[in-house]
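Engineer: Take a look at data38.cif, mmCIF, C-alpha atoms:
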```cif
data_structure
loop_
_atom_site.label_atom_id
_atom_site.label_comp_id
_atom_site.auth_asym_id
_atom_site.auth_seq_id
_atom_site.Cartn_x
_atom_site.Cartn_y
_atom_site.Cartn_z
CA MET A 19 0.66 -1.76 -17.23
CA TYR A 20 4.28 -0.95 -16.41
CA LEU A 21 6.45 -1.73 -13.40
CA SER A 22 9.22 0.80 -12.84
CA LYS A 23 12.06 1.22 -10.39
CA LEU A 24 12.89 4.81 -9.46
CA THR A 25 16.27 5.65 -7.96
CA TYR A 26 17.87 8.97 -7.03
CA SER A 27 20.72 9.85 -9.36
CA SER A 28 24.09 10.39 -7.69
CA THR A 29 25.31 12.25 -10.80
CA HIS A 30 23.09 15.16 -9.77
CA ARG A 31 24.00 15.13 -6.11
CA ALA A 32 22.79 18.65 -5.22
CA GLU A 33 19.38 18.04 -6.76
CA MET A 34 19.25 14.59 -5.16
CA VAL A 35 19.93 15.93 -1.65
CA LYS A 36 17.29 18.63 -2.13
CA ALA A 37 14.76 16.06 -3.38
CA LEU A 38 15.49 13.66 -0.51
CA THR A 39 14.78 16.45 1.98
CA LEU A 40 11.61 17.58 0.21
CA HIS A 41 10.20 14.09 -0.24
CA ARG A 42 10.21 13.33 3.46
CA ASN A 43 6.77 14.91 3.25
CA LEU A 44 4.43 12.31 1.74
CA PHE A 45 2.48 14.90 -0.24
CA HIS A 46 5.60 16.11 -2.02
CA GLU A 47 6.66 12.50 -2.58
CA HIS A 48 3.24 11.66 -4.04
CA GLN A 49 3.38 14.76 -6.24
CA MET A 50 6.79 13.69 -7.54
CA ILE A 51 5.25 10.41 -8.74
CA TRP A 52 2.30 12.24 -10.33
CA ASN A 53 4.68 14.51 -12.21
CA LEU A 54 6.39 11.54 -13.84
CA MET A 55 3.22 10.72 -15.76
CA PRO A 56 2.45 12.15 -19.21
CA LEU A 57 0.59 15.45 -18.95
CA ASP A 58 -3.18 14.90 -18.91
CA ALA A 59 -5.42 17.38 -17.09
CA ASP A 60 -8.28 14.85 -17.00
CA ALA A 61 -6.27 11.87 -15.75
CA LYS A 62 -7.14 10.27 -12.43
CA ARG A 63 -4.56 8.47 -10.31
CA ASP A 64 -3.60 5.39 -12.31
CA PHE A 65 -0.60 4.21 -10.33
CA LEU A 66 0.54 2.65 -7.07
CA TYR A 67 4.00 2.98 -5.59
CA ARG A 68 6.03 1.67 -2.71
CA LYS A 69 9.01 3.37 -1.09
CA ASP A 70 11.87 1.06 -0.11
CA GLU A 71 14.36 2.29 2.48
CA SER A 72 16.40 -0.89 2.85
CA GLU A 73 19.44 0.63 1.12
CA ARG A 74 21.54 3.73 1.77
CA PHE A 75 19.25 5.89 -0.34
CA PRO A 76 15.53 5.16 -0.71
CA PHE A 77 14.07 4.03 -4.01
CA TYR A 78 10.59 3.36 -5.32
CA TYR A 79 8.65 0.68 -7.13
CA LEU A 80 5.92 2.13 -9.35
CA LEU A 81 3.06 0.25 -11.01
CA SER A 82 1.30 2.43 -13.56
CA GLU A 83 -1.00 2.32 -16.53
CA ARG A 84 1.08 4.91 -18.35
CA LEU A 85 4.81 4.80 -18.95
CA PRO A 86 6.67 7.48 -16.95
CA ASP A 87 8.12 9.98 -19.42
CA ASN A 88 8.66 13.23 -17.53
CA VAL A 89 11.75 12.28 -15.53
CA PRO A 90 13.70 15.00 -13.66
CA ASP A 91 17.51 14.99 -13.59
CA PHE A 92 17.68 13.75 -9.99
CA LEU A 93 15.84 10.51 -10.83
CA GLN A 94 16.66 7.43 -12.87
CA VAL A 95 13.79 5.25 -14.08
CA GLN A 96 13.91 1.65 -15.31
CA SER A 97 10.58 0.36 -16.66
CA LYS A 98 9.27 -2.88 -18.07
CA ALA A 99 5.89 -4.21 -19.14
CA PHE A 100 3.95 -5.75 -16.28
CA GLN A 101 2.24 -8.95 -17.41
CA PRO A 102 2.18 -11.39 -14.47
CA GLN A 103 1.68 -15.03 -15.45
CA LEU A 104 0.49 -16.81 -12.32
CA MET A 105 -0.61 -20.39 -11.77
CA GLU A 106 -2.99 -21.76 -9.18
CA GLY A 107 -1.04 -23.24 -6.29
CA SER A 108 2.09 -21.17 -6.96
CA VAL A 109 3.81 -19.79 -3.86
CA TYR A 110 5.24 -16.28 -3.76
CA GLY A 111 7.03 -14.14 -1.26
CA PHE A 112 5.29 -10.81 -0.82
CA SER A 113 5.72 -7.37 0.68
CA LEU A 114 2.89 -4.90 1.29
CA ARG A 115 2.42 -1.58 3.03
CA ALA A 116 -1.26 -0.94 3.57
CA ASN A 117 -3.72 1.42 5.20
CA ALA A 118 -5.58 -1.48 6.81
CA VAL A 119 -8.95 -0.61 8.35
CA VAL A 120 -12.10 -2.32 9.60
CA THR A 121 -15.64 -0.98 9.84
CA ARG A 122 -17.27 -0.88 13.26
CA LYS A 123 -20.57 0.32 14.71
CA ILE A 124 -20.34 3.38 16.94
CA ASP A 125 -22.39 1.53 19.54
CA ASP A 126 -24.96 -1.27 19.78
CA ASN A 127 -27.88 1.12 19.32
CA SER A 128 -26.58 2.95 16.28
CA LYS A 129 -26.60 2.05 12.60
CA LYS A 130 -23.79 4.48 11.91
CA ARG A 131 -20.39 2.92 11.24
CA ILE A 132 -16.87 4.25 11.36
CA ARG A 133 -13.58 3.03 9.95
CA ARG A 134 -10.90 2.04 12.43
CA ASP A 135 -7.25 1.23 12.03
CA ILE A 136 -7.02 -2.54 12.57
CA ILE A 137 -4.41 -2.25 15.33
CA ASP A 138 -6.38 0.33 17.29
CA ALA A 139 -9.54 -1.73 16.89
CA LYS A 140 -7.84 -4.91 18.09
CA VAL A 141 -6.26 -3.14 21.09
CA ASP A 142 -9.71 -1.88 22.11
CA GLU A 143 -11.09 -5.42 21.84
CA TYR A 144 -8.45 -6.66 24.28
CA LYS A 145 -9.07 -3.74 26.64
CA GLN A 146 -12.73 -4.75 26.85
CA ARG A 147 -11.95 -8.45 27.29
CA PHE A 148 -9.10 -7.93 29.75
CA PRO A 149 -9.45 -4.73 31.82
CA VAL A 150 -6.21 -5.53 33.66
CA VAL A 151 -3.22 -4.57 31.51
CA GLY A 152 -1.14 -7.52 32.70
CA ASP A 153 -3.72 -9.98 31.41
CA ARG A 154 -3.39 -8.80 27.80
CA PRO A 155 -0.96 -10.28 25.24
CA ALA A 156 2.18 -8.40 24.24
CA SER A 157 1.78 -5.65 21.63
CA ALA A 158 3.57 -7.74 18.99
CA VAL A 159 1.05 -10.57 19.47
CA ILE A 160 -1.89 -8.19 19.14
CA HIS A 161 -0.40 -6.60 16.01
CA HIS A 162 0.18 -9.99 14.40
CA GLU A 163 -3.32 -11.20 15.22
CA ALA A 164 -4.93 -8.07 13.79
CA GLY A 165 -2.78 -8.19 10.65
CA GLU A 166 -3.32 -11.89 10.05
CA GLN A 167 -7.10 -11.61 10.40
CA TRP A 168 -7.27 -8.65 8.04
CA LEU A 169 -4.95 -10.02 5.35
CA SER A 170 -6.51 -13.49 5.46
CA ALA A 171 -9.90 -11.89 4.81
CA GLN A 172 -8.39 -9.95 1.91
CA GLY A 173 -7.01 -13.17 0.50
CA GLU A 174 -10.45 -14.78 0.43
CA LYS A 175 -11.70 -11.90 -1.72
CA HIS A 176 -8.63 -11.52 -3.92
CA GLY A 177 -7.52 -15.03 -4.81
CA PHE A 178 -4.75 -15.93 -2.37
CA LYS A 179 -4.17 -17.49 1.04
CA LEU A 180 -1.41 -16.85 3.52
CA ARG A 181 1.37 -19.34 4.16
CA ASP A 182 3.27 -17.27 6.73
CA LEU A 183 3.26 -13.65 7.80
CA SER A 184 5.27 -10.97 9.58
CA VAL A 185 3.52 -7.77 10.68
CA SER A 186 5.57 -4.69 11.57
CA ASN A 187 6.12 -0.95 11.38
CA HIS A 188 2.73 0.34 12.53
CA GLN A 189 2.90 4.08 11.86
CA PHE A 190 0.56 7.04 12.13
CA HIS A 191 1.03 9.72 9.47
CA LYS A 192 -0.19 13.31 9.47
CA HIS A 193 1.10 15.49 6.67
CA GLN A 194 0.40 18.94 5.35
CA ASN A 195 -1.47 18.94 2.07
CA LYS A 196 0.86 20.57 -0.44
CA ASP A 197 1.31 24.24 0.53
CA SER A 198 -2.06 24.69 2.21
CA ASN A 199 -2.16 26.13 5.72
CA SER A 200 -5.25 24.16 6.66
CA GLY A 201 -5.47 21.01 4.55
CA HIS A 202 -3.87 17.85 5.91
CA ARG A 203 -4.18 14.11 5.61
CA GLN A 204 -3.82 11.54 8.37
CA PHE A 205 -3.80 7.77 8.19
CA ALA A 206 -2.08 4.71 9.63
CA SER A 207 0.06 2.22 7.74
CA LEU A 208 1.26 -1.29 8.48
CA ASP A 209 3.87 -3.48 6.79
CA PHE A 210 3.12 -7.10 5.86
CA ASP A 211 5.78 -9.55 4.67
CA GLY A 212 5.64 -13.31 4.16
CA THR A 213 4.59 -15.94 1.64
CA LEU A 214 1.25 -16.60 0.00
CA GLU A 215 -0.31 -19.20 -2.27
CA ILE A 216 -2.27 -18.19 -5.36
CA THR A 217 -5.74 -19.77 -5.26
CA ASN A 218 -7.30 -17.89 -8.20
CA PRO A 219 -4.74 -16.31 -10.58
CA GLU A 220 -7.25 -14.31 -12.67
CA GLN A 221 -9.00 -12.92 -9.61
CA PHE A 222 -5.67 -12.04 -8.00
CA VAL A 223 -4.39 -10.06 -10.99
CA GLN A 224 -7.70 -8.31 -11.67
CA SER A 225 -8.40 -7.26 -8.11
CA MET A 226 -4.86 -6.55 -6.97
CA TYR A 227 -3.42 -4.84 -10.04
CA SER A 228 -5.47 -4.29 -13.19
CA GLY A 229 -8.82 -3.64 -11.53
CA ARG A 230 -10.74 -4.70 -14.65
CA SER A 231 -13.36 -7.39 -14.29
CA ASN A 232 -15.72 -8.83 -16.89
CA SER A 233 -18.24 -9.53 -14.14
CA ASP A 234 -18.31 -5.87 -13.05
CA PRO A 235 -18.41 -3.57 -16.10
CA LYS A 236 -18.85 -0.49 -13.89
CA ASN A 237 -15.45 -1.13 -12.34
CA ASP A 238 -13.04 0.63 -14.69
CA SER A 239 -10.34 1.39 -12.15
CA LEU A 240 -6.98 0.59 -13.70
CA VAL A 241 -4.90 0.13 -10.59
CA ARG A 242 -6.40 -1.32 -7.43
CA GLY A 243 -4.21 -2.52 -4.58
CA LEU A 244 -5.10 -3.41 -0.99
CA GLY A 245 -6.34 -1.26 1.86
CA ARG A 246 -8.41 1.86 2.27
CA SER A 247 -5.99 4.51 1.04
CA MET A 248 -4.01 3.77 -2.12
CA ALA A 249 -2.00 6.97 -2.02
CA PHE A 250 1.25 7.86 -0.28
CA GLY A 251 3.03 4.57 -0.86
CA CYS A 252 0.27 2.23 0.32
CA GLY A 253 -1.59 -0.56 -1.45
CA LEU A 254 0.98 -2.08 -3.80
CA MET A 255 1.68 -5.76 -3.10
CA LEU A 256 5.08 -6.75 -4.46
CA ILE A 257 5.48 -10.48 -5.12
CA ARG A 258 8.47 -12.63 -6.01
CA LYS A 259 8.80 -16.34 -6.70
CA ALA A 260 9.46 -18.16 -3.42
#
```
I need this file expressed as structure tokens, please.
Structural biologist:
Amino acid sequence: MYLSKLTYSSTHRAEMVKALTLHRNLFHEHQMIWNLMPLDADAKRDFLYRKDESERFPFYYLLSERLPDNVPDFLQVQSKAFQPQLMEGSVYGFSLRANAVVTRKIDDNSKKRIRRDIIDAKVDEYKQRFPVVGDRPASAVIHHEAGEQWLSAQGEKHGFKLRDLSVSNHQFHKHQNKDSNSGHRQFASLDFDGTLEITNPEQFVQSMYSGRSNSDPKNDSLVRGLGRSMAFGCGLMLIRKA
């Protein structure tokens, strides 16, 4: 596994400006990441990435099975081997953008289930409990409650527990699929930031990053992540020593 940082190169300013405009569309952005990988017609997606817009120009963190080797002039790539050495009880700061969903019945009399964005699902719960708008908590409280419940449940399955959490940037995305006139993709994303404690290091690494598990030989996915959709910049949890 490799962890890479991708930055736009100012030495090719014209190409950079063109790329920045093009990559506002998540499909083009996702295709840019795909194109960095060695050519392999049979390869499935074996990477996760996260776009960071905290600086003047955006950049990307990329976790991949294969080392990026097809780098265009407008990008600069710095890569290193990704071999996390974690200890039980260690505390890390984390950042995650996820397509967080829950499964719900359509109604009490149906066995059919649908996936719901966790914020929408939580808002509907409060609407049922408190028909009067003024009786409901503020939106920020509802968002935090939904995010904390979802991520805490993920932690129980993936070897960590939350210490503290900030939930923000709930967004709905609908983007044209490449150059198709009809195909499109829509999903919601949510940003999670805070600190966590590692409760099971091996489980955390296997389920969050490598995807390989001796207890599940059928699971040969190389890059896992959190949430329903792992494409378009979602799913990669970045951690740093707290």
Engineer: So which one's closest to A:Ser170, A:Leu208, A:Ile124, A:Leu214, A:Ile137? Using all atoms listed in the file, please.
Structural biologist: A:Leu214
Engineer: Counting only C-alpha atoms, figure out which residue out of A:Leu81, A:Cys252, A:Leu24, A:Leu66 gets nearest to A:Asp209.
Structural biologist: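 Closest to A:Asp209, using only C-alpha atoms: A:Cys252.
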Engineer: Convert the output of the PyMOL selection byres ((chain A and resi 253-255) around 7) on the shown file into explicit residues, formatted as a list in words.
Structural biologist: Leu66, Tyr67, Arg68, Phe112, Ser113, Leu114, Arg115, Ala116, Gly243, Leu244, Gly245, Met248, Gly251, Cys252, Leu256 and Ile257 of chain A
Engineer: For the file shown, what are the residues hit by the PyMOL selection byres ((chain A and resi 21) around 6), laid out as a PDB file with C-alpha atoms, in the frame of the given file?
Structural biologist:
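Writing the result to out-v2.pdb gives the following:
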```
ATOM      1  CA  TYR A  20       4.280  -0.950 -16.410  1.00  0.00           C
ATOM      2  CA  SER A  22       9.220   0.800 -12.840  1.00  0.00           C
ATOM      3  CA  LEU A  80       5.920   2.130  -9.350  1.00  0.00           C
ATOM      4  CA  LEU A  81       3.060   0.250 -11.010  1.00  0.00           C
ATOM      5  CA  SER A  97      10.580   0.360 -16.660  1.00  0.00           C
ATOM      6  CA  LYS A  98       9.270  -2.880 -18.070  1.00  0.00           C
ATOM      7  CA  PHE A 100       3.950  -5.750 -16.280  1.00  0.00           C
TER       8      PHE A 100
END
```
Engineer: I'd like to see the residues matched by the PyMOL selection byres ((chain A and resi 186) around 8) on this file, and ideally I'd get them as a PyMOL selection string.
Structural biologist: chain A and resi 161+184-185+187-188+208-210
Engineer: Nearest residue to A:Asp64 out of A:Leu44, A:Ile160, A:Ala249, A:Ala139, using only C-alpha atoms?
Structural biologist: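 Between A:Leu44, A:Ile160, A:Ala249, A:Ala139, the residue approaching A:Asp64 most closely is A:Ala249.
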Engineer: Pick from A:Ser82, A:Gln103, A:Gln146, A:Ser157: nearest to A:Tyr227, with only C-alpha atoms counted?
Structural biologist: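 The shortest atom-to-atom distance to A:Tyr227 comes from A:Ser82.
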Engineer: When distances are computed from all atoms listed in the file, which of A:Lys23, A:Val89, A:Ser28, A:Asp138 shows the smallest separation from A:Lys69?
Structural biologist: A:Lys23
Engineer: Just the number, please: distance in Å from atom CA of A:Phe190 to atom CA of A:Gln49, one decimal.
Structural biologist: 20.1 Å
Engineer: In Å, rounded to a single decimal, give me how far atom CA of A:Ile136 is from atom CA of A:Asn117.
Structural biologist: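 Separation between atom CA of A:Asn117 and atom CA of A:Ile136: 9.0 Å.
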Engineer: For stretch 148-171 of chain A, where the input has fewer atoms than it should, I would like N, CA and C atoms rebuilt and written as an mmCIF file, in the coordinates of the input.
Structural biologist:
```
data_model
loop_
_atom_site.group_PDB
_atom_site.id
_atom_site.type_symbol
_atom_site.label_atom_id
_atom_site.label_comp_id
_atom_site.auth_asym_id
_atom_site.auth_seq_id
_atom_site.Cartn_x
_atom_site.Cartn_y
_atom_site.Cartn_z
ATOM 1 N N PHE A 148 -10.037 -7.812 28.624
ATOM 2 C CA PHE A 148 -9.100 -7.930 29.750
ATOM 3 C C PHE A 148 -8.826 -6.546 30.322
ATOM 4 N N PRO A 149 -9.648 -6.065 31.248
ATOM 5 C CA PRO A 149 -9.450 -4.730 31.820
ATOM 6 C C PRO A 149 -8.088 -4.545 32.489
ATOM 7 N N VAL A 150 -7.530 -5.610 33.015
ATOM 8 C CA VAL A 150 -6.210 -5.530 33.660
ATOM 9 C C VAL A 150 -5.127 -5.636 32.600
ATOM 10 N N VAL A 151 -4.244 -4.631 32.547
ATOM 11 C CA VAL A 151 -3.220 -4.570 31.510
ATOM 12 C C VAL A 151 -2.366 -5.836 31.476
ATOM 13 N N GLY A 152 -2.011 -6.355 32.638
ATOM 14 C CA GLY A 152 -1.140 -7.520 32.700
ATOM 15 C C GLY A 152 -1.745 -8.790 32.144
ATOM 16 N N ASP A 153 -3.053 -8.798 31.953
ATOM 17 C CA ASP A 153 -3.720 -9.980 31.410
ATOM 18 C C ASP A 153 -3.729 -9.991 29.877
ATOM 19 N N ARG A 154 -3.337 -8.893 29.265
ATOM 20 C CA ARG A 154 -3.390 -8.800 27.800
ATOM 21 C C ARG A 154 -2.096 -9.341 27.178
ATOM 22 N N PRO A 155 -2.171 -9.831 25.935
ATOM 23 C CA PRO A 155 -0.960 -10.280 25.240
ATOM 24 C C PRO A 155 -0.017 -9.108 24.970
ATOM 25 N N ALA A 156 1.207 -9.430 24.617
ATOM 26 C CA ALA A 156 2.180 -8.400 24.240
ATOM 27 C C ALA A 156 1.709 -7.680 22.977
ATOM 28 N N SER A 157 2.179 -6.459 22.792
ATOM 29 C CA SER A 157 1.780 -5.650 21.630
ATOM 30 C C SER A 157 2.060 -6.372 20.309
ATOM 31 N N ALA A 158 3.217 -7.047 20.227
ATOM 32 C CA ALA A 158 3.570 -7.740 18.990
ATOM 33 C C ALA A 158 2.567 -8.831 18.653
ATOM 34 N N VAL A 159 2.054 -9.511 19.676
ATOM 35 C CA VAL A 159 1.050 -10.570 19.470
ATOM 36 C C VAL A 159 -0.244 -9.965 18.959
ATOM 37 N N ILE A 160 -0.658 -8.856 19.563
ATOM 38 C CA ILE A 160 -1.890 -8.190 19.140
ATOM 39 C C ILE A 160 -1.762 -7.692 17.700
ATOM 40 N N HIS A 161 -0.621 -7.094 17.365
ATOM 41 C CA HIS A 161 -0.400 -6.600 16.010
ATOM 42 C C HIS A 161 -0.471 -7.745 14.992
ATOM 43 N N HIS A 162 0.175 -8.862 15.324
ATOM 44 C CA HIS A 162 0.180 -9.990 14.400
ATOM 45 C C HIS A 162 -1.224 -10.550 14.218
ATOM 46 N N GLU A 163 -1.962 -10.661 15.295
ATOM 47 C CA GLU A 163 -3.320 -11.200 15.220
ATOM 48 C C GLU A 163 -4.207 -10.312 14.348
ATOM 49 N N ALA A 164 -4.125 -8.998 14.574
ATOM 50 C CA ALA A 164 -4.930 -8.070 13.790
ATOM 51 C C ALA A 164 -4.546 -8.137 12.306
ATOM 52 N N GLY A 165 -3.236 -8.147 12.024
ATOM 53 C CA GLY A 165 -2.780 -8.190 10.650
ATOM 54 C C GLY A 165 -3.146 -9.480 9.948
ATOM 55 N N GLU A 166 -3.002 -10.594 10.645
ATOM 56 C CA GLU A 166 -3.320 -11.890 10.050
ATOM 57 C C GLU A 166 -4.814 -12.005 9.738
ATOM 58 N N GLN A 167 -5.658 -11.558 10.642
ATOM 59 C CA GLN A 167 -7.100 -11.610 10.400
ATOM 60 C C GLN A 167 -7.481 -10.753 9.194
ATOM 61 N N TRP A 168 -6.922 -9.550 9.139
ATOM 62 C CA TRP A 168 -7.270 -8.650 8.040
ATOM 63 C C TRP A 168 -6.786 -9.168 6.692
ATOM 64 N N LEU A 169 -5.510 -9.590 6.628
ATOM 65 C CA LEU A 169 -4.950 -10.020 5.350
ATOM 66 C C LEU A 169 -5.523 -11.355 4.903
ATOM 67 N N SER A 170 -5.856 -12.225 5.833
ATOM 68 C CA SER A 170 -6.510 -13.490 5.460
ATOM 69 C C SER A 170 -7.869 -13.213 4.822
ATOM 70 N N ALA A 171 -8.606 -12.258 5.385
ATOM 71 C CA ALA A 171 -9.900 -11.890 4.810
ATOM 72 C C ALA A 171 -9.729 -11.286 3.416
#
```
